[in-house]
file coords-v7.txt (compact mmCIF, N, CA and C atoms)
# COMPACT_ATOMS: atom_id res chain seq x y z
N MET P 1214 -14.58 29.93 -1.57
CA MET P 1214 -14.92 28.55 -1.83
C MET P 1214 -16.43 28.42 -1.95
N ASN P 1215 -16.85 27.72 -2.96
CA ASN P 1215 -18.27 27.50 -3.17
C ASN P 1215 -18.74 26.15 -2.67
N SER P 1216 -17.79 25.21 -2.52
CA SER P 1216 -18.20 23.88 -2.11
C SER P 1216 -17.07 23.16 -1.39
N LEU P 1217 -17.45 22.08 -0.75
CA LEU P 1217 -16.47 21.26 -0.03
C LEU P 1217 -15.46 20.65 -0.99
N ASP P 1218 -15.92 20.20 -2.16
CA ASP P 1218 -14.98 19.59 -3.11
C ASP P 1218 -13.97 20.61 -3.64
N GLU P 1219 -14.36 21.86 -3.81
CA GLU P 1219 -13.41 22.89 -4.23
C GLU P 1219 -12.38 23.15 -3.13
N ALA P 1220 -12.84 23.16 -1.89
CA ALA P 1220 -11.93 23.37 -0.76
C ALA P 1220 -10.94 22.21 -0.66
N PHE P 1221 -11.44 20.99 -0.85
CA PHE P 1221 -10.56 19.82 -0.79
C PHE P 1221 -9.55 19.85 -1.93
N GLU P 1222 -10.00 20.19 -3.12
CA GLU P 1222 -9.10 20.27 -4.26
C GLU P 1222 -8.00 21.31 -4.01
N LYS P 1223 -8.37 22.44 -3.43
CA LYS P 1223 -7.39 23.48 -3.12
C LYS P 1223 -6.38 22.96 -2.08
N LEU P 1224 -6.87 22.28 -1.08
CA LEU P 1224 -5.98 21.70 -0.06
C LEU P 1224 -4.98 20.74 -0.69
N VAL P 1225 -5.47 19.86 -1.55
CA VAL P 1225 -4.59 18.89 -2.20
C VAL P 1225 -3.57 19.59 -3.09
N GLU P 1226 -4.03 20.48 -3.94
CA GLU P 1226 -3.14 21.15 -4.89
C GLU P 1226 -2.12 22.06 -4.22
N GLU P 1227 -2.54 22.84 -3.23
CA GLU P 1227 -1.66 23.85 -2.65
C GLU P 1227 -0.82 23.34 -1.49
N ASP P 1228 -1.32 22.36 -0.76
CA ASP P 1228 -0.60 21.91 0.43
C ASP P 1228 -0.01 20.51 0.27
N LEU P 1229 -0.84 19.55 -0.07
CA LEU P 1229 -0.36 18.18 -0.11
C LEU P 1229 0.61 17.91 -1.24
N LYS P 1230 0.25 18.29 -2.46
CA LYS P 1230 1.12 18.04 -3.61
C LYS P 1230 2.44 18.80 -3.52
N THR P 1231 2.40 20.01 -3.02
CA THR P 1231 3.62 20.81 -2.97
C THR P 1231 4.57 20.34 -1.87
N ASN P 1232 4.05 19.64 -0.86
CA ASN P 1232 4.89 19.17 0.24
C ASN P 1232 5.18 17.69 0.18
N CYS P 1233 4.71 17.03 -0.85
CA CYS P 1233 4.92 15.59 -0.99
C CYS P 1233 6.28 15.33 -1.64
N ILE P 1234 7.00 14.40 -1.08
CA ILE P 1234 8.30 14.02 -1.65
C ILE P 1234 8.09 12.79 -2.52
N ASP P 1235 8.36 12.93 -3.81
CA ASP P 1235 8.21 11.82 -4.74
C ASP P 1235 9.46 10.96 -4.70
N SER P 1236 9.30 9.71 -4.38
CA SER P 1236 10.46 8.83 -4.27
C SER P 1236 10.61 7.98 -5.52
N GLU P 1237 11.79 7.49 -5.74
CA GLU P 1237 12.05 6.60 -6.86
C GLU P 1237 11.26 5.31 -6.70
N TRP P 1238 11.05 4.88 -5.45
CA TRP P 1238 10.31 3.66 -5.20
C TRP P 1238 8.88 3.77 -5.76
N HIS P 1239 8.27 4.93 -5.63
CA HIS P 1239 6.91 5.11 -6.13
C HIS P 1239 6.85 4.89 -7.64
N LYS P 1240 7.82 5.42 -8.37
CA LYS P 1240 7.85 5.24 -9.83
C LYS P 1240 8.00 3.77 -10.19
N THR P 1241 8.86 3.06 -9.48
CA THR P 1241 9.03 1.62 -9.71
C THR P 1241 7.74 0.88 -9.43
N ARG P 1242 7.12 1.21 -8.33
CA ARG P 1242 5.87 0.55 -7.93
C ARG P 1242 4.79 0.76 -9.00
N VAL P 1243 4.65 1.97 -9.46
CA VAL P 1243 3.63 2.27 -10.47
C VAL P 1243 3.93 1.57 -11.79
N ASN P 1244 5.18 1.59 -12.22
CA ASN P 1244 5.54 1.05 -13.53
C ASN P 1244 5.66 -0.47 -13.57
N GLN P 1245 6.03 -1.11 -12.45
CA GLN P 1245 6.29 -2.54 -12.50
C GLN P 1245 5.31 -3.39 -11.69
N PHE P 1246 4.71 -2.84 -10.65
CA PHE P 1246 3.87 -3.66 -9.78
C PHE P 1246 2.39 -3.36 -9.92
N TRP P 1247 2.03 -2.15 -10.27
CA TRP P 1247 0.62 -1.81 -10.42
C TRP P 1247 0.22 -2.01 -11.88
N THR P 1248 0.24 -3.26 -12.31
CA THR P 1248 -0.09 -3.59 -13.69
C THR P 1248 -1.23 -4.60 -13.69
N ILE P 1249 -1.88 -4.74 -14.82
CA ILE P 1249 -2.97 -5.71 -14.96
C ILE P 1249 -2.45 -7.13 -14.72
N GLU P 1250 -1.28 -7.44 -15.25
CA GLU P 1250 -0.73 -8.79 -15.10
C GLU P 1250 -0.48 -9.13 -13.63
N VAL P 1251 0.13 -8.21 -12.90
CA VAL P 1251 0.39 -8.44 -11.48
C VAL P 1251 -0.91 -8.54 -10.71
N ASN P 1252 -1.86 -7.69 -11.03
CA ASN P 1252 -3.16 -7.73 -10.36
C ASN P 1252 -3.86 -9.07 -10.62
N ASP P 1253 -3.78 -9.57 -11.84
CA ASP P 1253 -4.40 -10.86 -12.16
C ASP P 1253 -3.80 -11.99 -11.32
N VAL P 1254 -2.49 -11.99 -11.16
CA VAL P 1254 -1.83 -13.02 -10.35
C VAL P 1254 -2.26 -12.90 -8.89
N LEU P 1255 -2.28 -11.67 -8.37
CA LEU P 1255 -2.70 -11.47 -6.98
C LEU P 1255 -4.16 -11.86 -6.77
N GLU P 1256 -5.04 -11.48 -7.68
CA GLU P 1256 -6.46 -11.83 -7.55
C GLU P 1256 -6.65 -13.34 -7.57
N PHE P 1257 -5.95 -14.04 -8.45
CA PHE P 1257 -6.06 -15.49 -8.56
C PHE P 1257 -5.62 -16.18 -7.28
N ASN P 1258 -4.61 -15.62 -6.62
CA ASN P 1258 -4.04 -16.22 -5.40
C ASN P 1258 -4.48 -15.54 -4.12
N LEU P 1259 -5.46 -14.67 -4.18
CA LEU P 1259 -5.83 -13.84 -3.04
C LEU P 1259 -6.22 -14.66 -1.81
N GLU P 1260 -7.03 -15.66 -1.97
CA GLU P 1260 -7.47 -16.45 -0.82
C GLU P 1260 -6.29 -17.09 -0.09
N GLY P 1261 -5.39 -17.71 -0.84
CA GLY P 1261 -4.22 -18.32 -0.23
C GLY P 1261 -3.30 -17.30 0.41
N LEU P 1262 -3.12 -16.15 -0.25
CA LEU P 1262 -2.28 -15.10 0.31
C LEU P 1262 -2.86 -14.56 1.61
N GLN P 1263 -4.19 -14.42 1.67
CA GLN P 1263 -4.83 -13.95 2.89
C GLN P 1263 -4.62 -14.93 4.04
N LYS P 1264 -4.68 -16.23 3.75
CA LYS P 1264 -4.46 -17.24 4.79
C LYS P 1264 -3.03 -17.18 5.31
N VAL P 1265 -2.07 -17.09 4.41
CA VAL P 1265 -0.66 -17.02 4.81
C VAL P 1265 -0.41 -15.74 5.61
N PHE P 1266 -0.93 -14.63 5.13
CA PHE P 1266 -0.75 -13.36 5.82
C PHE P 1266 -1.37 -13.41 7.21
N ALA P 1267 -2.55 -14.02 7.34
CA ALA P 1267 -3.22 -14.13 8.64
C ALA P 1267 -2.38 -14.99 9.59
N MET P 1268 -1.77 -16.05 9.08
CA MET P 1268 -0.92 -16.89 9.92
C MET P 1268 0.29 -16.11 10.42
N PHE P 1269 0.86 -15.28 9.58
CA PHE P 1269 2.02 -14.49 9.98
C PHE P 1269 1.67 -13.55 11.11
N TYR P 1270 0.49 -12.97 11.06
CA TYR P 1270 0.07 -12.01 12.08
C TYR P 1270 -0.82 -12.62 13.15
N ASP P 1271 -0.80 -13.94 13.29
CA ASP P 1271 -1.60 -14.59 14.32
C ASP P 1271 -0.79 -14.76 15.61
N LEU P 1272 0.21 -13.94 15.78
CA LEU P 1272 1.03 -14.00 16.98
C LEU P 1272 0.46 -13.04 18.02
N LYS P 1273 0.41 -13.47 19.25
CA LYS P 1273 -0.18 -12.63 20.30
C LYS P 1273 0.67 -11.38 20.58
N ALA P 1274 1.96 -11.47 20.36
CA ALA P 1274 2.85 -10.35 20.67
C ALA P 1274 2.83 -9.26 19.60
N VAL P 1275 2.30 -9.59 18.43
CA VAL P 1275 2.30 -8.63 17.32
C VAL P 1275 1.03 -7.80 17.37
N VAL P 1276 1.19 -6.51 17.26
CA VAL P 1276 0.04 -5.61 17.19
C VAL P 1276 -0.70 -5.89 15.88
N LYS P 1277 -2.01 -6.00 15.96
CA LYS P 1277 -2.80 -6.30 14.75
C LYS P 1277 -2.74 -5.13 13.78
N LYS P 1278 -2.31 -5.40 12.58
CA LYS P 1278 -2.27 -4.41 11.52
C LYS P 1278 -2.44 -5.14 10.20
N LYS P 1279 -2.61 -4.43 9.12
CA LYS P 1279 -2.89 -5.05 7.84
C LYS P 1279 -1.81 -4.74 6.81
N TRP P 1280 -0.58 -4.55 7.26
CA TRP P 1280 0.53 -4.27 6.36
C TRP P 1280 1.82 -4.75 7.01
N MET P 1281 2.87 -4.87 6.22
CA MET P 1281 4.19 -5.26 6.71
C MET P 1281 5.18 -4.16 6.38
N ASP P 1282 6.09 -3.91 7.29
CA ASP P 1282 7.18 -3.02 6.92
C ASP P 1282 8.27 -3.88 6.26
N LEU P 1283 9.33 -3.25 5.80
CA LEU P 1283 10.35 -3.97 5.04
C LEU P 1283 11.01 -5.07 5.85
N LYS P 1284 11.30 -4.84 7.13
CA LYS P 1284 11.93 -5.86 7.97
C LYS P 1284 11.01 -7.06 8.15
N GLU P 1285 9.72 -6.80 8.37
CA GLU P 1285 8.76 -7.89 8.53
C GLU P 1285 8.60 -8.69 7.24
N ALA P 1286 8.57 -8.01 6.11
CA ALA P 1286 8.45 -8.71 4.84
C ALA P 1286 9.67 -9.58 4.59
N ASP P 1287 10.86 -9.07 4.91
CA ASP P 1287 12.08 -9.85 4.76
C ASP P 1287 12.03 -11.10 5.64
N TYR P 1288 11.63 -10.94 6.88
CA TYR P 1288 11.49 -12.08 7.80
C TYR P 1288 10.45 -13.06 7.28
N PHE P 1289 9.33 -12.55 6.83
CA PHE P 1289 8.23 -13.37 6.34
C PHE P 1289 8.67 -14.24 5.17
N PHE P 1290 9.41 -13.67 4.23
CA PHE P 1290 9.79 -14.41 3.03
C PHE P 1290 11.01 -15.30 3.22
N THR P 1291 11.74 -15.10 4.32
CA THR P 1291 12.89 -15.97 4.56
C THR P 1291 12.58 -16.99 5.62
call {"tool": "encode", "arguments": {"input": "coords-v7.txt", "output": "structure tokens"}}
result
Amino acid sequence: MNSLDEAFEKLVEEDLKTNCIDSEWHKTRVNQFWTIEVNDVLEFNLEGLQKVFAMFYDLKAVVKKKWMDLKEADYFFT
């Protein structure tokens, strides 16, 4: 290895990529949700979404985190 970036690239190519399980959900996410149109809607509504998200996690019993698992998202939207 001549550099840190070469070592990191080798790690990614030989270890991480070969042991990563590609799920169908990832393909759906990339093709349908990671688009310019979806990003534009999220950016336009970001301030309001942040307020709503903060209210959901403003519970003392909930560990502070910045993401929702599927059960929490289902509860949040219903």
call {"tool": "atom_distance", "arguments": {"input": "coords-v7.txt", "atom1": "atom CA of Glu1227 of chain P", "atom2": "atom CA of Lys1240 of chain P"}}
result
22.1 Å
call {"tool": "axis_aligned_box", "arguments": {"input": "coords-v7.txt", "around": "segment 1251-1264 of chain P", "padding_each_side": "6 Å", "output": "AutoDock Vina command-line options"}}
result
--center_x -3.5 --center_y -13.0 --center_z -3.8 --size_x 19.9 --size_y 22.6 --size_z 30.2
call {"tool": "atom_distance", "arguments": {"input": "coords-v7.txt", "atom1": "atom CA of Asp1287 of chain P", "atom2": "atom CA of Leu1262 of chain P"}}
result
15.9 Å
call {"tool": "atom_distance", "arguments": {"input": "coords-v7.txt", "atom1": "atom C of Glu1222 of chain P", "atom2": "atom CA of Gln1245 of chain P"}}
result
29.1 Å
call {"tool": "select_by_dssp", "arguments": {"input": "coords-v7.txt", "residues": "chain P", "states": "helix (DSSP H, G or I)", "output": "PyMOL selection string"}}
result
chain P and resi 1217-1232+1237-1246+1249-1257+1259-1269+1283-1290
